[in-house]
$ cat data.cif   # mmCIF, C-alpha atoms (C1' of nucleotides)
data_entry
loop_
_atom_site.group_PDB
_atom_site.id
_atom_site.type_symbol
_atom_site.label_atom_id
_atom_site.label_comp_id
_atom_site.auth_asym_id
_atom_site.auth_seq_id
_atom_site.Cartn_x
_atom_site.Cartn_y
_atom_site.Cartn_z
ATOM 1 C CA MET A 1 108.307 161.842 -116.921
ATOM 2 C CA SER A 2 109.818 165.138 -115.813
ATOM 3 C CA LEU A 3 113.462 164.963 -114.859
ATOM 4 C CA GLU A 4 113.190 167.940 -112.530
ATOM 5 C CA LEU A 5 116.714 169.158 -112.550
ATOM 6 C CA GLY A 6 117.056 172.339 -110.643
ATOM 7 C CA ILE A 7 115.927 173.411 -107.247
ATOM 8 C CA ASN A 8 112.266 173.994 -106.787
ATOM 9 C CA LEU A 9 111.889 176.837 -104.348
ATOM 10 C CA GLU A 10 108.553 175.549 -103.115
ATOM 11 C CA ASN A 11 110.114 172.188 -102.481
ATOM 12 C CA THR A 12 112.939 173.750 -100.510
ATOM 13 C CA ARG A 13 110.481 175.714 -98.428
ATOM 14 C CA ALA A 14 108.679 172.453 -97.765
ATOM 15 C CA GLN A 15 111.908 170.788 -96.674
ATOM 16 C CA MET A 16 112.446 173.497 -94.101
ATOM 17 C CA ARG A 17 109.126 172.708 -92.485
ATOM 18 C CA LYS A 18 109.515 168.960 -92.483
ATOM 19 C CA GLY A 19 111.832 168.391 -89.588
ATOM 20 C CA LEU A 20 109.886 170.826 -87.495
ATOM 21 C CA LEU A 21 106.505 169.203 -88.016
ATOM 22 C CA GLU A 22 106.687 166.879 -85.082
ATOM 23 C CA TYR A 23 107.566 169.785 -82.838
ATOM 24 C CA CYS A 24 104.791 171.976 -84.233
ATOM 25 C CA ILE A 25 102.189 169.288 -83.812
ATOM 26 C CA LEU A 26 103.152 168.816 -80.192
ATOM 27 C CA LEU A 27 102.958 172.577 -79.744
ATOM 28 C CA VAL A 28 99.437 172.703 -81.149
ATOM 29 C CA ILE A 29 98.206 169.828 -79.014
ATOM 30 C CA SER A 30 99.810 171.302 -75.910
ATOM 31 C CA ARG A 31 97.428 174.259 -76.115
ATOM 32 C CA GLN A 32 94.382 172.012 -75.856
ATOM 33 C CA LYS A 33 93.285 168.588 -76.968
ATOM 34 C CA ALA A 34 92.742 168.424 -80.697
ATOM 35 C CA TYR A 35 91.745 166.053 -83.472
ATOM 36 C CA ALA A 36 93.254 165.866 -86.921
ATOM 37 C CA SER A 37 91.250 168.648 -88.556
ATOM 38 C CA ASP A 38 91.926 171.020 -85.660
ATOM 39 C CA ILE A 39 95.620 170.429 -86.063
ATOM 40 C CA ILE A 40 95.623 170.895 -89.805
ATOM 41 C CA LEU A 41 93.689 174.132 -89.407
ATOM 42 C CA ALA A 42 95.998 175.467 -86.712
ATOM 43 C CA LEU A 43 99.084 174.724 -88.784
ATOM 44 C CA LYS A 44 97.475 176.226 -91.851
ATOM 45 C CA GLN A 45 96.841 179.427 -89.936
ATOM 46 C CA ALA A 46 100.512 179.468 -89.012
ATOM 47 C CA ASP A 47 101.422 178.991 -92.701
ATOM 48 C CA LEU A 48 102.630 175.478 -92.043
ATOM 49 C CA LEU A 49 100.588 173.352 -94.375
ATOM 50 C CA VAL A 50 100.162 169.679 -93.696
ATOM 51 C CA VAL A 51 97.989 167.101 -95.351
ATOM 52 C CA GLU A 52 96.153 164.137 -93.911
ATOM 53 C CA GLY A 53 98.478 161.558 -95.355
ATOM 54 C CA THR A 54 101.296 163.159 -93.415
ATOM 55 C CA LEU A 55 99.458 163.812 -90.201
ATOM 56 C CA TYR A 56 97.757 160.508 -89.456
ATOM 57 C CA PRO A 57 100.872 158.357 -89.548
ATOM 58 C CA LEU A 58 102.692 160.967 -87.489
ATOM 59 C CA LEU A 59 100.009 161.021 -84.823
ATOM 60 C CA SER A 60 100.160 157.238 -84.654
ATOM 61 C CA ARG A 61 103.910 157.335 -84.244
ATOM 62 C CA LEU A 62 103.680 159.864 -81.440
ATOM 63 C CA LYS A 63 100.956 157.836 -79.787
ATOM 64 C CA ASN A 64 102.981 154.616 -80.003
ATOM 65 C CA ALA A 65 105.987 156.421 -78.626
ATOM 66 C CA GLY A 66 103.932 157.404 -75.608
ATOM 67 C CA LEU A 67 103.981 161.155 -76.213
ATOM 68 C CA LEU A 68 100.289 161.356 -76.999
ATOM 69 C CA ASP A 69 97.129 159.697 -75.838
ATOM 70 C CA TYR A 70 93.646 159.970 -77.292
ATOM 71 C CA HIS A 71 90.017 159.394 -76.530
ATOM 72 C CA TRP A 72 87.030 159.171 -78.814
ATOM 73 C CA GLN A 73 84.463 161.886 -78.683
ATOM 74 C CA GLU A 74 81.190 162.103 -80.583
ATOM 75 C CA SER A 75 80.533 165.008 -82.879
ATOM 76 C CA LYS A 76 77.282 166.881 -83.370
ATOM 77 C CA SER A 77 77.670 166.603 -87.096
ATOM 78 C CA GLY A 78 79.594 163.688 -88.473
ATOM 79 C CA PRO A 79 81.531 160.677 -87.338
ATOM 80 C CA PRO A 80 83.254 160.501 -83.948
ATOM 81 C CA ARG A 81 86.617 162.167 -83.500
ATOM 82 C CA LYS A 82 89.878 161.067 -82.011
ATOM 83 C CA TYR A 83 91.013 163.790 -79.654
ATOM 84 C CA TYR A 84 94.702 163.759 -78.846
ATOM 85 C CA GLU A 85 96.402 165.227 -75.816
ATOM 86 C CA LEU A 86 99.931 165.213 -74.432
ATOM 87 C CA THR A 87 101.018 162.613 -71.924
ATOM 88 C CA SER A 88 103.456 163.657 -69.230
ATOM 89 C CA LEU A 89 106.204 162.104 -71.321
ATOM 90 C CA GLY A 90 104.997 164.181 -74.239
ATOM 91 C CA THR A 91 105.135 167.321 -72.139
ATOM 92 C CA SER A 92 108.660 166.597 -71.070
ATOM 93 C CA ILE A 93 109.837 165.819 -74.603
ATOM 94 C CA LEU A 94 108.186 168.994 -75.833
ATOM 95 C CA LYS A 95 110.175 170.940 -73.274
ATOM 96 C CA GLN A 96 113.365 169.457 -74.642
ATOM 97 C CA LEU A 97 112.392 170.132 -78.235
ATOM 98 C CA ASP A 98 111.761 173.696 -77.213
ATOM 99 C CA GLY A 99 115.392 173.910 -76.218
ATOM 100 C CA THR A 100 116.475 172.334 -79.465
ATOM 101 C CA TRP A 101 114.458 174.862 -81.408
ATOM 102 C CA LYS A 102 116.021 177.746 -79.545
ATOM 103 C CA ASN A 103 119.500 176.407 -80.204
ATOM 104 C CA LEU A 104 118.728 175.904 -83.853
ATOM 105 C CA GLN A 105 117.513 179.469 -84.149
ATOM 106 C CA SER A 106 120.692 180.773 -82.557
ATOM 107 C CA SER A 107 122.914 178.679 -84.786
ATOM 108 C CA ILE A 108 121.291 179.798 -87.982
ATOM 109 C CA ASN A 109 120.931 183.400 -86.981
ATOM 110 C CA ALA A 110 124.625 183.388 -86.118
ATOM 111 C CA LEU A 111 125.414 182.180 -89.622
ATOM 112 C CA ARG A 112 123.164 184.867 -91.040
ATOM 113 C CA LYS A 113 124.851 187.618 -89.094
ATOM 114 C CA ALA A 114 128.321 186.434 -89.982
ATOM 115 C CA ARG A 115 127.407 187.134 -93.562
ATOM 116 C CA LEU A 116 126.282 190.713 -93.217
ATOM 117 C CA MET B 1 118.338 144.183 -85.296
ATOM 118 C CA SER B 2 116.899 146.855 -83.005
ATOM 119 C CA LEU B 3 113.250 147.606 -83.549
ATOM 120 C CA GLU B 4 113.537 151.167 -82.303
ATOM 121 C CA LEU B 5 110.016 151.930 -81.342
ATOM 122 C CA GLY B 6 109.711 155.246 -79.674
ATOM 123 C CA ILE B 7 111.044 158.638 -80.500
ATOM 124 C CA ASN B 8 114.727 159.116 -80.343
ATOM 125 C CA LEU B 9 115.382 162.658 -79.212
ATOM 126 C CA GLU B 10 118.714 162.815 -81.000
ATOM 127 C CA ASN B 11 117.048 161.708 -84.163
ATOM 128 C CA THR B 12 114.395 164.379 -83.841
ATOM 129 C CA ARG B 13 117.041 167.019 -83.341
ATOM 130 C CA ALA B 14 118.689 165.768 -86.524
ATOM 131 C CA GLN B 15 115.404 165.988 -88.406
ATOM 132 C CA MET B 16 115.066 169.633 -87.446
ATOM 133 C CA ARG B 17 118.391 170.419 -89.053
ATOM 134 C CA LYS B 18 117.840 168.457 -92.209
ATOM 135 C CA GLY B 19 115.506 170.705 -94.101
ATOM 136 C CA LEU B 20 117.609 173.705 -93.271
ATOM 137 C CA LEU B 21 120.876 172.271 -94.536
ATOM 138 C CA GLU B 22 120.590 173.606 -98.038
ATOM 139 C CA TYR B 23 119.946 177.063 -96.673
ATOM 140 C CA CYS B 24 122.831 176.847 -94.212
ATOM 141 C CA ILE B 25 125.273 175.721 -96.856
ATOM 142 C CA LEU B 26 124.326 178.631 -99.067
ATOM 143 C CA LEU B 27 124.773 180.940 -96.083
ATOM 144 C CA VAL B 28 128.264 179.630 -95.434
ATOM 145 C CA ILE B 29 129.338 179.943 -99.041
ATOM 146 C CA SER B 30 127.875 183.431 -99.294
ATOM 147 C CA ARG B 31 130.446 184.659 -96.786
ATOM 148 C CA GLN B 32 133.345 183.596 -98.979
ATOM 149 C CA LYS B 33 134.211 180.841 -101.384
ATOM 150 C CA ALA B 34 134.685 177.537 -99.633
ATOM 151 C CA TYR B 35 135.493 173.901 -100.272
ATOM 152 C CA ALA B 36 133.930 170.915 -98.585
ATOM 153 C CA SER B 37 136.067 170.855 -95.441
ATOM 154 C CA ASP B 38 135.587 174.592 -94.888
ATOM 155 C CA ILE B 39 131.848 174.101 -95.011
ATOM 156 C CA ILE B 40 131.828 171.131 -92.685
ATOM 157 C CA LEU B 41 133.954 173.047 -90.204
ATOM 158 C CA ALA B 42 131.771 176.148 -90.341
ATOM 159 C CA LEU B 43 128.619 174.123 -89.769
ATOM 160 C CA LYS B 44 130.259 172.198 -86.972
ATOM 161 C CA GLN B 45 131.126 175.450 -85.254
ATOM 162 C CA ALA B 46 127.490 176.429 -85.517
ATOM 163 C CA ASP B 47 126.488 173.068 -83.991
ATOM 164 C CA LEU B 48 125.067 171.897 -87.275
ATOM 165 C CA LEU B 49 126.942 168.714 -88.011
ATOM 166 C CA VAL B 50 127.162 167.394 -91.520
ATOM 167 C CA VAL B 51 129.188 164.561 -92.960
ATOM 168 C CA GLU B 52 130.858 164.209 -96.336
ATOM 169 C CA GLY B 53 128.352 161.727 -97.667
ATOM 170 C CA THR B 54 125.663 164.333 -97.163
ATOM 171 C CA LEU B 55 127.567 167.336 -98.370
ATOM 172 C CA TYR B 56 129.058 166.198 -101.668
ATOM 173 C CA PRO B 57 125.804 165.170 -103.297
ATOM 174 C CA LEU B 58 124.177 168.343 -102.033
ATOM 175 C CA LEU B 59 126.905 170.536 -103.501
ATOM 176 C CA SER B 60 126.509 168.746 -106.822
ATOM 177 C CA ARG B 61 122.788 169.295 -106.758
ATOM 178 C CA LEU B 62 123.207 173.002 -106.064
ATOM 179 C CA LYS B 63 125.825 173.253 -108.784
ATOM 180 C CA ASN B 64 123.596 171.508 -111.336
ATOM 181 C CA ALA B 65 120.734 173.757 -110.367
ATOM 182 C CA GLY B 66 122.876 176.775 -111.171
ATOM 183 C CA LEU B 67 123.074 178.167 -107.639
ATOM 184 C CA LEU B 68 126.753 177.426 -107.232
ATOM 185 C CA ASP B 69 129.820 177.437 -109.385
ATOM 186 C CA TYR B 70 133.288 176.160 -108.587
ATOM 187 C CA HIS B 71 136.883 176.354 -109.639
ATOM 188 C CA TRP B 72 139.822 174.148 -108.783
ATOM 189 C CA GLN B 73 142.561 175.540 -106.654
ATOM 190 C CA GLU B 74 145.820 173.895 -105.632
ATOM 191 C CA SER B 75 146.623 173.382 -102.002
ATOM 192 C CA LYS B 76 149.963 173.777 -100.292
ATOM 193 C CA SER B 77 149.493 170.467 -98.589
ATOM 194 C CA GLY B 78 147.406 167.864 -100.311
ATOM 195 C CA PRO B 79 145.308 167.392 -103.390
ATOM 196 C CA PRO B 80 143.587 170.271 -105.207
ATOM 197 C CA ARG B 81 140.358 171.639 -103.845
ATOM 198 C CA LYS B 82 137.044 172.493 -105.399
ATOM 199 C CA TYR B 83 136.127 175.967 -104.210
ATOM 200 C CA TYR B 84 132.459 176.813 -104.486
ATOM 201 C CA GLU B 85 130.890 180.243 -104.710
ATOM 202 C CA LEU B 86 127.390 181.578 -105.267
ATOM 203 C CA THR B 87 126.181 182.455 -108.736
ATOM 204 C CA SER B 88 123.869 185.417 -109.129
ATOM 205 C CA LEU B 89 120.993 182.954 -109.242
ATOM 206 C CA GLY B 90 122.287 181.464 -106.014
ATOM 207 C CA THR B 91 122.394 184.879 -104.409
ATOM 208 C CA SER B 92 118.842 185.594 -105.415
ATOM 209 C CA ILE B 93 117.568 182.225 -104.211
ATOM 210 C CA LEU B 94 119.389 182.722 -100.932
ATOM 211 C CA LYS B 95 117.599 186.016 -100.491
ATOM 212 C CA GLN B 96 114.289 184.228 -100.910
ATOM 213 C CA LEU B 97 115.231 181.451 -98.517
ATOM 214 C CA ASP B 98 116.138 184.127 -96.039
ATOM 215 C CA GLY B 99 112.562 185.320 -96.219
ATOM 216 C CA THR B 100 111.297 181.782 -95.822
ATOM 217 C CA TRP B 101 113.430 181.321 -92.736
ATOM 218 C CA LYS B 102 112.133 184.512 -91.189
ATOM 219 C CA ASN B 103 108.551 183.476 -91.842
ATOM 220 C CA LEU B 104 109.176 180.050 -90.418
ATOM 221 C CA GLN B 105 110.617 181.558 -87.263
ATOM 222 C CA SER B 106 107.585 183.822 -86.851
ATOM 223 C CA SER B 107 105.158 180.994 -87.425
ATOM 224 C CA ILE B 108 106.717 178.703 -84.894
ATOM 225 C CA ASN B 109 107.325 181.367 -82.317
ATOM 226 C CA ALA B 110 103.691 182.361 -82.686
ATOM 227 C CA LEU B 111 102.658 178.791 -81.914
ATOM 228 C CA ARG B 112 104.999 178.786 -78.932
ATOM 229 C CA LYS B 113 103.545 181.972 -77.525
ATOM 230 C CA ALA B 114 99.989 180.830 -78.019
ATOM 231 C CA ARG B 115 100.760 178.038 -75.611
ATOM 232 C CA LEU B 116 102.054 180.083 -72.722
ATOM 233 C "C1'" DT C 1 161.841 154.807 -104.601
ATOM 234 C "C1'" DT C 2 158.652 152.967 -102.028
ATOM 235 C "C1'" DA C 3 155.546 152.858 -98.382
ATOM 236 C "C1'" DT C 4 152.508 155.254 -95.200
ATOM 237 C "C1'" DA C 5 149.638 158.787 -93.894
ATOM 238 C "C1'" DC C 6 146.697 162.243 -94.958
ATOM 239 C "C1'" DT C 7 143.552 164.995 -97.490
ATOM 240 C "C1'" DA C 8 140.130 165.515 -100.898
ATOM 241 C "C1'" DC C 9 137.121 163.915 -104.086
ATOM 242 C "C1'" DC C 10 132.926 160.836 -105.250
ATOM 243 C "C1'" DT C 11 129.459 156.839 -105.343
ATOM 244 C "C1'" DT C 12 126.447 153.171 -103.792
ATOM 245 C "C1'" DG C 13 123.270 151.231 -100.722
ATOM 246 C "C1'" DT C 14 120.010 151.789 -96.823
ATOM 247 C "C1'" DA C 15 116.670 153.836 -93.887
ATOM 248 C "C1'" DT C 16 113.432 157.208 -92.874
ATOM 249 C "C1'" DA C 17 109.673 160.051 -93.628
ATOM 250 C "C1'" DA C 18 106.573 163.238 -96.164
ATOM 251 C "C1'" DA C 19 103.303 163.362 -99.631
ATOM 252 C "C1'" DA C 20 100.104 161.489 -103.136
ATOM 253 C "C1'" DA C 21 96.500 158.680 -103.896
ATOM 254 C "C1'" DG C 22 93.109 155.620 -102.755
ATOM 255 C "C1'" DG C 23 89.971 153.350 -99.535
ATOM 256 C "C1'" DT C 24 86.337 152.558 -95.555
ATOM 257 C "C1'" DA C 25 82.704 154.051 -92.865
ATOM 258 C "C1'" DG C 26 79.722 157.020 -89.823
ATOM 259 C "C1'" DC C 27 76.373 160.645 -89.917
ATOM 260 C "C1'" DT C 28 73.007 164.067 -91.993
ATOM 261 C "C1'" DA C 29 69.800 165.993 -95.046
ATOM 262 C "C1'" DG C 30 67.054 165.916 -98.843
ATOM 263 C "C1'" DC D 1 67.605 155.390 -99.410
ATOM 264 C "C1'" DT D 2 70.983 157.834 -101.450
ATOM 265 C "C1'" DA D 3 74.223 161.716 -102.056
ATOM 266 C "C1'" DG D 4 77.450 164.337 -99.757
ATOM 267 C "C1'" DC D 5 80.275 165.395 -96.142
ATOM 268 C "C1'" DT D 6 83.478 164.399 -92.521
ATOM 269 C "C1'" DA D 7 86.725 161.553 -90.350
ATOM 270 C "C1'" DC D 8 89.616 157.835 -90.079
ATOM 271 C "C1'" DC D 9 93.489 154.936 -92.110
ATOM 272 C "C1'" DT D 10 96.752 152.519 -95.495
ATOM 273 C "C1'" DT D 11 99.634 151.765 -99.482
ATOM 274 C "C1'" DT D 12 102.851 153.397 -102.822
ATOM 275 C "C1'" DT D 13 106.042 156.673 -104.411
ATOM 276 C "C1'" DT D 14 109.675 159.800 -104.010
ATOM 277 C "C1'" DA D 15 113.198 162.449 -101.767
ATOM 278 C "C1'" DT D 16 117.109 162.725 -99.059
ATOM 279 C "C1'" DA D 17 120.472 162.278 -95.265
ATOM 280 C "C1'" DC D 18 123.742 159.199 -93.737
ATOM 281 C "C1'" DA D 19 126.829 155.090 -93.532
ATOM 282 C "C1'" DA D 20 130.180 152.844 -95.745
ATOM 283 C "C1'" DG D 21 133.297 152.082 -99.191
ATOM 284 C "C1'" DG D 22 136.279 153.541 -102.997
ATOM 285 C "C1'" DT D 23 139.841 156.412 -105.950
ATOM 286 C "C1'" DA D 24 143.533 159.426 -106.293
ATOM 287 C "C1'" DG D 25 146.775 163.377 -105.514
ATOM 288 C "C1'" DT D 26 150.513 165.021 -102.273
ATOM 289 C "C1'" DA D 27 153.898 164.875 -98.591
ATOM 290 C "C1'" DT D 28 157.036 162.667 -95.493
ATOM 291 C "C1'" DA D 29 160.255 159.676 -93.966
ATOM 292 C "C1'" DA D 30 162.426 155.177 -94.076
#
$ encode --input "data.cif" --output "structure tokens"
Amino acid sequence: MSLELGINLENTRAQMRKGLLEYCILLVISRQKAYASDIILALKQADLLVVEGTLYPLLSRLKNAGLLDYHWQESKSGPPRKYYELTSLGTSILKQLDGTWKNLQSSINALRKARL
Amino acid sequence: MSLELGINLENTRAQMRKGLLEYCILLVISRQKAYASDIILALKQADLLVVEGTLYPLLSRLKNAGLLDYHWQESKSGPPRKYYELTSLGTSILKQLDGTWKNLQSSINALRKARL
DNA sequence: TTATACTACCTTGTATAAAAAGGTAGCTAG
DNA sequence: CTAGCTACCTTTTTATACAAGGTAGTATAA
């Protein structure tokens, strides 16, 4: 049992990503329909690591909330894939999250400048 | 009991802030020593609301991790205040989080551009 | 001098959500 | 026909923000 006092920098970095995951996933899917592995790869390339155990429940939540829809598609090599795409609700929510992201950036960058 | 299916936009906005709180609090304190109400006010002005129940435990965590230190100071009107300031460890961690924030901004803005 | 208001501290319980770990099953190739 | 890969999904654990509730110092005014 490790008590883990102290701040783990990696953990803090991870925290920063967390709240933005939903937004990032919508961003990825908005480019073109994608299935889980596509999404994980895209986020990895953007240095935003996610694992399956995080992604699947999140996709289900977004689907149930009506932001995403999916259809099955067979693969040339392996089991069939669930391709997700944005619904019109999803597109509209994404637009709003875009605004939220911009505001968040301004807020934090204002704090950063105030320090210099 | 409200089942709350669906995505609550307000809630999502809140999520976005969450992971960045630690960073923001360090930013605020780095400007000058501050006690809880100072910090809450500063974050409020930056549109990053926090409540006491969130802040106090977080300050304790950062203190125990060696990023912050505090000293008591009497107030002209009311009970004494705990003024926090960054330790040298705190300053160095903040520098690293600054880098993390910049990377995060690039990553997400890259995803945003890729969509347009 | 006591009561009320206010400020400041802190803790406990709850809800949410990411991550770790484990599980099922289709498809392919040897 | 079996070993390995890919893809899906679920359960359990852990972390953490927030809501709510609690203690106590100080000031003000009856």
$ resolve_selection --input "data.cif" --expression "the PyMOL selection byres ((chain A) within 6 of (chain C))" --output "list in words"
Thr54, Gly78 and Pro79 of chain A
$ closest_residue --input "data.cif" --among "B:Lys76, B:His71, B:Lys33, B:Arg13" --to "chain A" --atoms "only C-alpha atoms"
B:Arg13
$ residues_around --input "data.cif" --residues "region 90-94 of chain A" --least-positions-apart "2" --cutoff "8 Å" --atoms "all atoms listed in the file" --output "PyMOL selection string"
(chain A and resi 23+26-27+30+66-68+86-88+96-98) or (chain B and resi 9)
$ residues_around --input "data.cif" --residues "Leu21 (chain B)" --least-positions-apart "5" --cutoff "9 Å" --atoms "all atoms listed in the file" --output "PDB file with C-alpha atoms, in the frame of the given file"
ATOM      1  CA  MET A  16     112.446 173.497 -94.101  1.00  0.00           C
TER       2      MET A  16
ATOM      3  CA  LEU B  26     124.326 178.631 -99.067  1.00  0.00           C
ATOM      4  CA  LEU B  48     125.067 171.897 -87.275  1.00  0.00           C
ATOM      5  CA  VAL B  50     127.162 167.394 -91.520  1.00  0.00           C
TER       6      VAL B  50
END
$ atom_distance --input "data.cif" --atom1 "CA of Lys82 (chain B)" --atom2 "CA of Arg31 (chain B)"
16.3 Å
$ closest_residue --input "data.cif" --among "B:Leu89, B:Leu20, B:Leu111, B:Leu62" --to "Leu43 (chain B)" --atoms "all atoms listed in the file"
B:Leu20
$ interface_residues --input "data.cif" --of "chain B" --to "chain A" --cutoff "6 Å" --atoms "only C-alpha atoms" --output "MDAnalysis selection string"
chainID B and resid 6:7 15:16 19:20 31 46 65 107 115
$ write_last_selection --input "data.cif" --atoms "C-alpha atoms" --output "short mmCIF file (atom, residue, chain, number, x, y, z; two decimals), in the coordinates of the input"
data_model
loop_
_atom_site.label_atom_id
_atom_site.label_comp_id
_atom_site.auth_asym_id
_atom_site.auth_seq_id
_atom_site.Cartn_x
_atom_site.Cartn_y
_atom_site.Cartn_z
CA GLY B 6 109.71 155.25 -79.67
CA ILE B 7 111.04 158.64 -80.50
CA GLN B 15 115.40 165.99 -88.41
CA MET B 16 115.07 169.63 -87.45
CA GLY B 19 115.51 170.70 -94.10
CA LEU B 20 117.61 173.70 -93.27
CA ARG B 31 130.45 184.66 -96.79
CA ALA B 46 127.49 176.43 -85.52
CA ALA B 65 120.73 173.76 -110.37
CA SER B 107 105.16 180.99 -87.42
CA ARG B 115 100.76 178.04 -75.61
#
$ axis_aligned_box --input "data.cif" --around "region 9-16 of chain C" --padding-each-side "4 Å" --output "AutoDock Vina command-line options"
--center_x 125.3 --center_y 157.6 --center_z -99.1 --size_x 31.7 --size_y 20.7 --size_z 20.5
$ closest_atom_pairs --input "data.cif" --of "chain D" --to "chain A" --cutoff "9 Å" --atoms "only C-alpha atoms (C1' of nucleotides)" --output "JSON lines"
{"residue": "D:DC5", "atom": "C1'", "partner": "A:Gly78", "partner_atom": "CA", "distance": 7.9}
{"residue": "D:DT6", "atom": "C1'", "partner": "A:Gly78", "partner_atom": "CA", "distance": 5.7}
{"residue": "D:DA7", "atom": "C1'", "partner": "A:Pro79", "partner_atom": "CA", "distance": 6.1}
{"residue": "D:DC8", "atom": "C1'", "partner": "A:Arg81", "partner_atom": "CA", "distance": 8.4}
{"residue": "D:DC9", "atom": "C1'", "partner": "A:Tyr56", "partner_atom": "CA", "distance": 7.5}
$ atom_distance --input "data.cif" --atom1 "CA of Ile39 (chain A)" --atom2 "C1' of DT16 (chain D)"
26.3 Å
$ atom_distance --input "data.cif" --atom1 "CA of Ile40 (chain B)" --atom2 "C1' of DG21 (chain D)"
20.2 Å
$ resolve_selection --input "data.cif" --expression "the PyMOL selection byres ((chain A and resi 70) around 6)" --output "count of residues only"
4
$ decode --input "data.cif" --residues "chain D" --atoms "C-alpha atoms (C1' of nucleotides)" --output "tab-separated table (two decimals), in the first residue's frame"
chain	number	residue	atom	x	y	z
D	1	DC	C1'	-8.76	-26.39	-35.10
D	2	DT	C1'	-6.20	-23.48	-32.54
D	3	DA	C1'	-3.41	-19.33	-31.58
D	4	DG	C1'	-3.37	-14.61	-32.07
D	5	DC	C1'	-5.27	-10.42	-33.07
D	6	DT	C1'	-8.82	-6.99	-33.04
D	7	DA	C1'	-12.90	-5.08	-31.30
D	8	DC	C1'	-16.42	-4.69	-28.18
D	9	DC	C1'	-18.06	-4.11	-23.23
D	10	DT	C1'	-18.39	-4.33	-17.96
D	11	DT	C1'	-17.01	-4.24	-13.18
D	12	DT	C1'	-14.25	-2.41	-9.55
D	13	DT	C1'	-11.30	0.97	-7.73
D	14	DT	C1'	-9.77	5.46	-6.90
D	15	DA	C1'	-9.72	10.40	-7.17
D	16	DT	C1'	-11.85	14.62	-6.57
D	17	DA	C1'	-15.11	18.52	-6.77
D	18	DC	C1'	-18.98	20.05	-4.50
D	19	DA	C1'	-22.80	20.37	-1.06
D	20	DA	C1'	-23.73	20.80	3.43
D	21	DG	C1'	-22.73	21.30	8.00
D	22	DG	C1'	-19.77	22.66	11.86
D	23	DT	C1'	-16.36	25.54	14.98
D	24	DA	C1'	-14.47	29.70	16.39
D	25	DG	C1'	-12.47	34.46	16.40
D	26	DT	C1'	-13.85	39.48	16.00
D	27	DA	C1'	-16.81	43.50	15.77
D	28	DT	C1'	-20.96	46.05	16.58
D	29	DA	C1'	-24.75	47.59	18.79
D	30	DA	C1'	-28.51	46.88	22.00
